[in-house]
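Shown here: my_file.cif, mmCIF, C-alpha atoms; chains and numbers go by the auth columns.
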```cif
data_coords
loop_
_atom_site.group_PDB
_atom_site.id
_atom_site.type_symbol
_atom_site.label_atom_id
_atom_site.label_comp_id
_atom_site.label_asym_id
_atom_site.label_seq_id
_atom_site.Cartn_x
_atom_site.Cartn_y
_atom_site.Cartn_z
_atom_site.B_iso_or_equiv
_atom_site.auth_seq_id
_atom_site.auth_asym_id
ATOM 1 C CA MET A 1 7.933 14.474 0.363 0.00 16 A
ATOM 2 C CA ALA A 2 5.923 12.322 -1.981 0.00 17 A
ATOM 3 C CA ASN A 3 2.428 13.344 -3.003 0.00 18 A
ATOM 4 C CA ALA A 4 -0.467 11.495 -4.550 0.00 19 A
ATOM 5 C CA ASN A 5 -1.192 12.189 -8.208 0.00 20 A
ATOM 6 C CA ALA A 6 -4.978 12.295 -8.043 0.00 21 A
ATOM 7 C CA LYS A 7 -7.966 14.418 -8.870 0.00 22 A
ATOM 8 C CA LYS A 8 -8.939 16.940 -6.247 0.00 23 A
ATOM 9 C CA GLY A 9 -11.128 15.308 -3.613 0.00 24 A
ATOM 10 C CA ALA A 10 -10.154 11.734 -4.477 0.00 25 A
ATOM 11 C CA LYS A 11 -11.070 9.530 -1.513 0.00 26 A
ATOM 12 C CA TRP A 12 -8.221 7.055 -1.887 0.00 27 A
ATOM 13 C CA VAL A 13 -5.526 9.629 -1.138 0.00 28 A
ATOM 14 C CA GLU A 14 -6.414 9.972 2.535 0.00 29 A
ATOM 15 C CA GLN A 15 -6.762 6.209 2.976 0.00 30 A
ATOM 16 C CA VAL A 16 -3.353 5.053 1.721 0.00 31 A
ATOM 17 C CA PRO A 17 -1.768 2.996 4.518 0.00 32 A
ATOM 18 C CA ASN A 18 0.936 4.904 6.398 0.00 33 A
ATOM 19 C CA HIS A 19 3.633 2.320 5.718 0.00 34 A
ATOM 20 C CA ILE A 20 3.107 2.746 1.976 0.00 35 A
ATOM 21 C CA LYS A 21 3.080 6.560 2.199 0.00 36 A
ATOM 22 C CA GLU A 22 6.357 6.403 4.137 0.00 37 A
ATOM 23 C CA TRP A 23 7.858 4.086 1.519 0.00 38 A
ATOM 24 C CA PHE A 24 7.037 6.537 -1.276 0.00 39 A
ATOM 25 C CA ASP A 25 8.375 9.381 0.911 0.00 40 A
ATOM 26 C CA GLN A 26 11.678 7.527 1.308 0.00 41 A
ATOM 27 C CA LYS A 27 11.900 7.222 -2.462 0.00 42 A
ATOM 28 C CA ASP A 28 10.772 10.873 -2.799 0.00 43 A
ATOM 29 C CA LYS A 29 8.419 9.704 -5.522 0.00 44 A
ATOM 30 C CA ASP A 30 4.899 10.910 -6.221 0.00 45 A
ATOM 31 C CA TYR A 31 2.433 8.069 -6.653 0.00 46 A
ATOM 32 C CA THR A 32 -0.797 7.130 -8.378 0.00 47 A
ATOM 33 C CA LEU A 33 -3.562 4.820 -7.241 0.00 48 A
ATOM 34 C CA GLU A 34 -2.258 2.151 -9.601 0.00 49 A
ATOM 35 C CA GLU A 35 1.215 2.306 -8.045 0.00 50 A
ATOM 36 C CA VAL A 36 -0.226 2.019 -4.524 0.00 51 A
ATOM 37 C CA ILE A 37 -2.343 -0.976 -5.602 0.00 52 A
ATOM 38 C CA ASN A 38 0.788 -2.602 -7.078 0.00 53 A
ATOM 39 C CA VAL A 39 2.702 -2.112 -3.808 0.00 54 A
ATOM 40 C CA CYS A 40 -0.257 -3.588 -1.893 0.00 55 A
ATOM 41 C CA GLY A 41 -0.146 -6.596 -4.229 0.00 56 A
ATOM 42 C CA ASP A 42 3.571 -7.045 -3.582 0.00 57 A
ATOM 43 C CA ILE A 43 3.001 -6.986 0.183 0.00 58 A
ATOM 44 C CA ILE A 44 0.096 -9.436 -0.048 0.00 59 A
ATOM 45 C CA LYS A 45 2.283 -11.875 -2.029 0.00 60 A
ATOM 46 C CA LEU A 46 4.778 -11.885 0.852 0.00 61 A
ATOM 47 C CA TYR A 47 2.047 -13.228 3.164 0.00 62 A
ATOM 48 C CA ASP A 48 2.632 -16.679 1.715 0.00 63 A
ATOM 49 C CA ASN A 49 2.575 -18.662 4.953 0.00 64 A
ATOM 50 C CA GLY A 50 -0.198 -16.769 6.699 0.00 65 A
ATOM 51 C CA ILE A 51 0.384 -15.492 10.209 0.00 66 A
ATOM 52 C CA GLU A 52 3.455 -17.753 10.457 0.00 67 A
ATOM 53 C CA THR A 53 5.326 -15.951 7.666 0.00 68 A
ATOM 54 C CA LYS A 54 8.725 -14.531 8.530 0.00 69 A
ATOM 55 C CA ASN A 55 8.829 -12.250 5.483 0.00 70 A
ATOM 56 C CA LYS A 56 9.437 -8.543 5.889 0.00 71 A
ATOM 57 C CA TRP A 57 8.575 -5.590 3.690 0.00 72 A
ATOM 58 C CA ASN A 58 10.683 -2.471 4.109 0.00 73 A
ATOM 59 C CA GLY A 59 11.936 -3.858 7.433 0.00 74 A
ATOM 60 C CA ILE A 60 8.456 -4.458 8.885 0.00 75 A
ATOM 61 C CA ASP A 61 6.973 -7.906 9.554 0.00 76 A
ATOM 62 C CA VAL A 62 4.399 -8.596 6.842 0.00 77 A
ATOM 63 C CA PRO A 63 1.664 -9.901 9.210 0.00 78 A
ATOM 64 C CA ASN A 64 1.654 -6.476 10.932 0.00 79 A
ATOM 65 C CA LEU A 65 0.892 -4.795 7.609 0.00 80 A
ATOM 66 C CA MET A 66 -1.855 -7.021 6.333 0.00 81 A
ATOM 67 C CA MET A 67 -4.987 -5.448 7.849 0.00 82 A
ATOM 68 C CA SER A 68 -4.529 -1.967 6.382 0.00 83 A
ATOM 69 C CA THR A 69 -2.938 -3.248 3.166 0.00 84 A
ATOM 70 C CA VAL A 70 -5.685 -5.737 2.303 0.00 85 A
ATOM 71 C CA THR A 71 -8.440 -3.315 3.296 0.00 86 A
ATOM 72 C CA PHE A 72 -7.085 -0.623 0.973 0.00 87 A
ATOM 73 C CA TYR A 73 -6.432 -3.133 -1.828 0.00 88 A
ATOM 74 C CA ASN A 74 -9.939 -4.617 -1.697 0.00 89 A
ATOM 75 C CA LYS A 75 -11.606 -1.223 -1.499 0.00 90 A
ATOM 76 C CA PHE A 76 -9.776 0.478 -4.384 0.00 91 A
ATOM 77 C CA LYS A 77 -8.557 -2.306 -6.733 0.00 92 A
ATOM 78 C CA ARG A 78 -11.667 -1.962 -8.898 0.00 93 A
ATOM 79 C CA TYR A 79 -10.755 1.604 -9.846 0.00 94 A
ATOM 80 C CA VAL A 80 -7.503 0.588 -11.522 0.00 95 A
#
```

Would you encode the structure as structure tokens?
Amino acid sequence: MANANAKKGAKWVEQVPNHIKEWFDQKDKDYTLEEVINVCGDIIKLYDNGIETKNKWNGIDVPNLMMSTVTFYNKFKRYV
């Protein structure tokens, strides 16, 4: 199981979107805030045609991921 590499009590750890946590779990790779932000950026880039996009990330339709992904990205990007 992957774990976040963060200082004790870091707020971002509990707010990482589930689909990103699961992705790191599948890779069995611990992650940092910077790595999570980079994955969020990759997902956001796939949303190229808005709600009409047919792109998938890790087998999930990108439009279904956007709310939690963008919220996390906007909230924590400034700390990277």

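Once the PyMOL selection byres ((chain A and resi 39-50) around 6) is applied to the shown structure, the selection contains A:Met16, A:Ala17, A:Asn18, A:Ala19, A:Asn20, A:Lys36, A:Glu37, A:Trp38, A:Val51, A:Ile52, A:Asn53, A:Val95.
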
Which protein, DNA or RNA residues are at most 10 Å from (-1.0, -7.4, -5.5) in the file's coordinates when you count all atoms listed in the file, listed as an NGL selection string? :A and (51-61 or 84-85 or 88 or 92)

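Reported to one decimal place, the separation of CA of Ala25 (chain A) from CA of Asn79 (chain A) is 26.6 Å.
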
Centre, x/y/z edge lengths, axis-aligned box for region 17-32 of chain A with 8 Å per side, as AutoDock Vina command-line options:
```
--center_x -2.6 --center_y 10.0 --center_z -2.2 --size_x 33.1 --size_y 29.9 --size_z 29.4
```

Please tell me which residues are no farther than 12 Å from (2.4, -17.5, 10.0) in the file, counting all atoms listed in the file, and write them as a compact mmCIF listing (two decimals) with C-alpha atoms, in the coordinates of the input.
```txt
# COMPACT_ATOMS: atom_id res chain seq x y z
CA LEU A 61 4.78 -11.88 0.85
CA TYR A 62 2.05 -13.23 3.16
CA ASP A 63 2.63 -16.68 1.72
CA ASN A 64 2.58 -18.66 4.95
CA GLY A 65 -0.20 -16.77 6.70
CA ILE A 66 0.38 -15.49 10.21
CA GLU A 67 3.46 -17.75 10.46
CA THR A 68 5.33 -15.95 7.67
CA LYS A 69 8.72 -14.53 8.53
CA ASN A 70 8.83 -12.25 5.48
CA ASP A 76 6.97 -7.91 9.55
CA VAL A 77 4.40 -8.60 6.84
CA PRO A 78 1.66 -9.90 9.21
CA ASN A 79 1.65 -6.48 10.93
CA MET A 81 -1.86 -7.02 6.33
```

Separating CA of Lys23 (chain A) from CA of Asn73 (chain A), to the nearest tenth of an Å, is a gap of 29.5 Å

CA of Lys26 (chain A) to CA of Lys71 (chain A) measures 28.3 Å

Atom completion result for region 42-53 of chain A (all heavy atoms) as a PDB file, keeping the file's coordinate frame:
```
ATOM      1  N   LYS A  42      11.456   7.193  -1.068  1.00  0.00           N
ATOM      2  CA  LYS A  42      11.900   7.222  -2.462  1.00  0.00           C
ATOM      3  C   LYS A  42      11.736   8.612  -3.068  1.00  0.00           C
ATOM      4  O   LYS A  42      12.187   8.845  -4.182  1.00  0.00           O
ATOM      5  CB  LYS A  42      11.091   6.208  -3.281  1.00  0.00           C
ATOM      6  CG  LYS A  42      11.303   4.769  -2.844  1.00  0.00           C
ATOM      7  CD  LYS A  42      10.458   3.835  -3.660  1.00  0.00           C
ATOM      8  CE  LYS A  42      11.230   3.512  -4.898  1.00  0.00           C
ATOM      9  NZ  LYS A  42      10.655   2.491  -5.742  1.00  0.00           N
ATOM     10  N   ASP A  43      11.076   9.510  -2.330  1.00  0.00           N
ATOM     11  CA  ASP A  43      10.772  10.873  -2.799  1.00  0.00           C
ATOM     12  C   ASP A  43      10.108  10.817  -4.170  1.00  0.00           C
ATOM     13  O   ASP A  43      10.499  11.501  -5.110  1.00  0.00           O
ATOM     14  CB  ASP A  43      12.034  11.741  -2.835  1.00  0.00           C
ATOM     15  CG  ASP A  43      11.690  13.227  -2.905  1.00  0.00           C
ATOM     16  OD1 ASP A  43      10.612  13.602  -2.407  1.00  0.00           O
ATOM     17  OD2 ASP A  43      12.481  13.990  -3.465  1.00  0.00           O
ATOM     18  N   LYS A  44       9.094   9.962  -4.252  1.00  0.00           N
ATOM     19  CA  LYS A  44       8.419   9.704  -5.522  1.00  0.00           C
ATOM     20  C   LYS A  44       6.921   9.916  -5.355  1.00  0.00           C
ATOM     21  O   LYS A  44       6.302   9.346  -4.460  1.00  0.00           O
ATOM     22  CB  LYS A  44       8.708   8.264  -5.943  1.00  0.00           C
ATOM     23  CG  LYS A  44       8.087   7.836  -7.248  1.00  0.00           C
ATOM     24  CD  LYS A  44       8.451   6.392  -7.540  1.00  0.00           C
ATOM     25  CE  LYS A  44       7.992   5.918  -8.884  1.00  0.00           C
ATOM     26  NZ  LYS A  44       6.578   5.803  -9.049  1.00  0.00           N
ATOM     27  N   ASP A  45       6.344  10.757  -6.214  1.00  0.00           N
ATOM     28  CA  ASP A  45       4.899  10.910  -6.221  1.00  0.00           C
ATOM     29  C   ASP A  45       4.282   9.605  -6.714  1.00  0.00           C
ATOM     30  O   ASP A  45       4.927   8.828  -7.420  1.00  0.00           O
ATOM     31  CB  ASP A  45       4.481  12.072  -7.114  1.00  0.00           C
ATOM     32  CG  ASP A  45       4.908  13.413  -6.533  1.00  0.00           C
ATOM     33  OD1 ASP A  45       5.262  13.464  -5.344  1.00  0.00           O
ATOM     34  OD2 ASP A  45       4.868  14.415  -7.277  1.00  0.00           O
ATOM     35  N   TYR A  46       3.033   9.355  -6.359  1.00  0.00           N
ATOM     36  CA  TYR A  46       2.433   8.069  -6.653  1.00  0.00           C
ATOM     37  C   TYR A  46       0.994   8.221  -7.138  1.00  0.00           C
ATOM     38  O   TYR A  46       0.307   9.187  -6.840  1.00  0.00           O
ATOM     39  CB  TYR A  46       2.483   7.148  -5.424  1.00  0.00           C
ATOM     40  CG  TYR A  46       1.954   7.799  -4.154  1.00  0.00           C
ATOM     41  CD1 TYR A  46       0.626   7.664  -3.789  1.00  0.00           C
ATOM     42  CD2 TYR A  46       2.789   8.535  -3.326  1.00  0.00           C
ATOM     43  CE1 TYR A  46       0.146   8.263  -2.634  1.00  0.00           C
ATOM     44  CE2 TYR A  46       2.328   9.136  -2.170  1.00  0.00           C
ATOM     45  CZ  TYR A  46       0.992   8.987  -1.829  1.00  0.00           C
ATOM     46  OH  TYR A  46       0.512   9.585  -0.691  1.00  0.00           O
ATOM     47  N   THR A  47       0.570   7.206  -7.884  1.00  0.00           N
ATOM     48  CA  THR A  47      -0.797   7.130  -8.378  1.00  0.00           C
ATOM     49  C   THR A  47      -1.506   5.990  -7.656  1.00  0.00           C
ATOM     50  O   THR A  47      -0.868   5.170  -6.978  1.00  0.00           O
ATOM     51  CB  THR A  47      -0.826   6.841  -9.895  1.00  0.00           C
ATOM     52  OG1 THR A  47      -0.225   5.550 -10.113  1.00  0.00           O
ATOM     53  CG2 THR A  47      -0.074   7.898 -10.676  1.00  0.00           C
ATOM     54  N   LEU A  48      -2.803   5.918  -7.837  1.00  0.00           N
ATOM     55  CA  LEU A  48      -3.562   4.820  -7.241  1.00  0.00           C
ATOM     56  C   LEU A  48      -3.049   3.479  -7.756  1.00  0.00           C
ATOM     57  O   LEU A  48      -2.884   2.536  -6.984  1.00  0.00           O
ATOM     58  CB  LEU A  48      -5.056   4.969  -7.543  1.00  0.00           C
ATOM     59  CG  LEU A  48      -5.960   3.833  -7.064  1.00  0.00           C
ATOM     60  CD1 LEU A  48      -5.859   3.634  -5.558  1.00  0.00           C
ATOM     61  CD2 LEU A  48      -7.404   4.094  -7.471  1.00  0.00           C
ATOM     62  N   GLU A  49      -2.755   3.404  -9.026  1.00  0.00           N
ATOM     63  CA  GLU A  49      -2.258   2.151  -9.601  1.00  0.00           C
ATOM     64  C   GLU A  49      -0.948   1.711  -8.943  1.00  0.00           C
ATOM     65  O   GLU A  49      -0.757   0.534  -8.645  1.00  0.00           O
ATOM     66  CB  GLU A  49      -2.062   2.301 -11.102  1.00  0.00           C
ATOM     67  CG  GLU A  49      -1.627   1.017 -11.774  1.00  0.00           C
ATOM     68  CD  GLU A  49      -1.557   1.129 -13.287  1.00  0.00           C
ATOM     69  OE1 GLU A  49      -1.807   2.211 -13.830  1.00  0.00           O
ATOM     70  OE2 GLU A  49      -1.236   0.106 -13.907  1.00  0.00           O
ATOM     71  N   GLU A  50      -0.054   2.642  -8.690  1.00  0.00           N
ATOM     72  CA  GLU A  50       1.215   2.306  -8.045  1.00  0.00           C
ATOM     73  C   GLU A  50       1.001   1.830  -6.612  1.00  0.00           C
ATOM     74  O   GLU A  50       1.657   0.887  -6.162  1.00  0.00           O
ATOM     75  CB  GLU A  50       2.158   3.511  -8.072  1.00  0.00           C
ATOM     76  CG  GLU A  50       2.658   3.824  -9.460  1.00  0.00           C
ATOM     77  CD  GLU A  50       3.434   5.126  -9.538  1.00  0.00           C
ATOM     78  OE1 GLU A  50       3.001   6.123  -8.911  1.00  0.00           O
ATOM     79  OE2 GLU A  50       4.462   5.142 -10.218  1.00  0.00           O
ATOM     80  N   VAL A  51       0.072   2.454  -5.898  1.00  0.00           N
ATOM     81  CA  VAL A  51      -0.226   2.019  -4.524  1.00  0.00           C
ATOM     82  C   VAL A  51      -0.824   0.622  -4.541  1.00  0.00           C
ATOM     83  O   VAL A  51      -0.449  -0.241  -3.739  1.00  0.00           O
ATOM     84  CB  VAL A  51      -1.165   3.019  -3.811  1.00  0.00           C
ATOM     85  CG1 VAL A  51      -1.555   2.496  -2.437  1.00  0.00           C
ATOM     86  CG2 VAL A  51      -0.512   4.385  -3.692  1.00  0.00           C
ATOM     87  N   ILE A  52      -1.743   0.362  -5.477  1.00  0.00           N
ATOM     88  CA  ILE A  52      -2.343  -0.976  -5.602  1.00  0.00           C
ATOM     89  C   ILE A  52      -1.261  -2.006  -5.904  1.00  0.00           C
ATOM     90  O   ILE A  52      -1.271  -3.112  -5.350  1.00  0.00           O
ATOM     91  CB  ILE A  52      -3.443  -0.979  -6.688  1.00  0.00           C
ATOM     92  CG1 ILE A  52      -4.656  -0.154  -6.238  1.00  0.00           C
ATOM     93  CG2 ILE A  52      -3.865  -2.399  -7.059  1.00  0.00           C
ATOM     94  CD1 ILE A  52      -5.391  -0.678  -5.018  1.00  0.00           C
ATOM     95  N   ASN A  53      -0.306  -1.674  -6.757  1.00  0.00           N
ATOM     96  CA  ASN A  53       0.788  -2.602  -7.078  1.00  0.00           C
ATOM     97  C   ASN A  53       1.644  -2.906  -5.851  1.00  0.00           C
ATOM     98  O   ASN A  53       2.043  -4.055  -5.630  1.00  0.00           O
ATOM     99  CB  ASN A  53       1.658  -2.054  -8.208  1.00  0.00           C
ATOM    100  CG  ASN A  53       0.941  -2.062  -9.539  1.00  0.00           C
ATOM    101  OD1 ASN A  53      -0.026  -2.793  -9.738  1.00  0.00           O
ATOM    102  ND2 ASN A  53       1.405  -1.228 -10.450  1.00  0.00           N
TER     103      ASN A  53
END
```
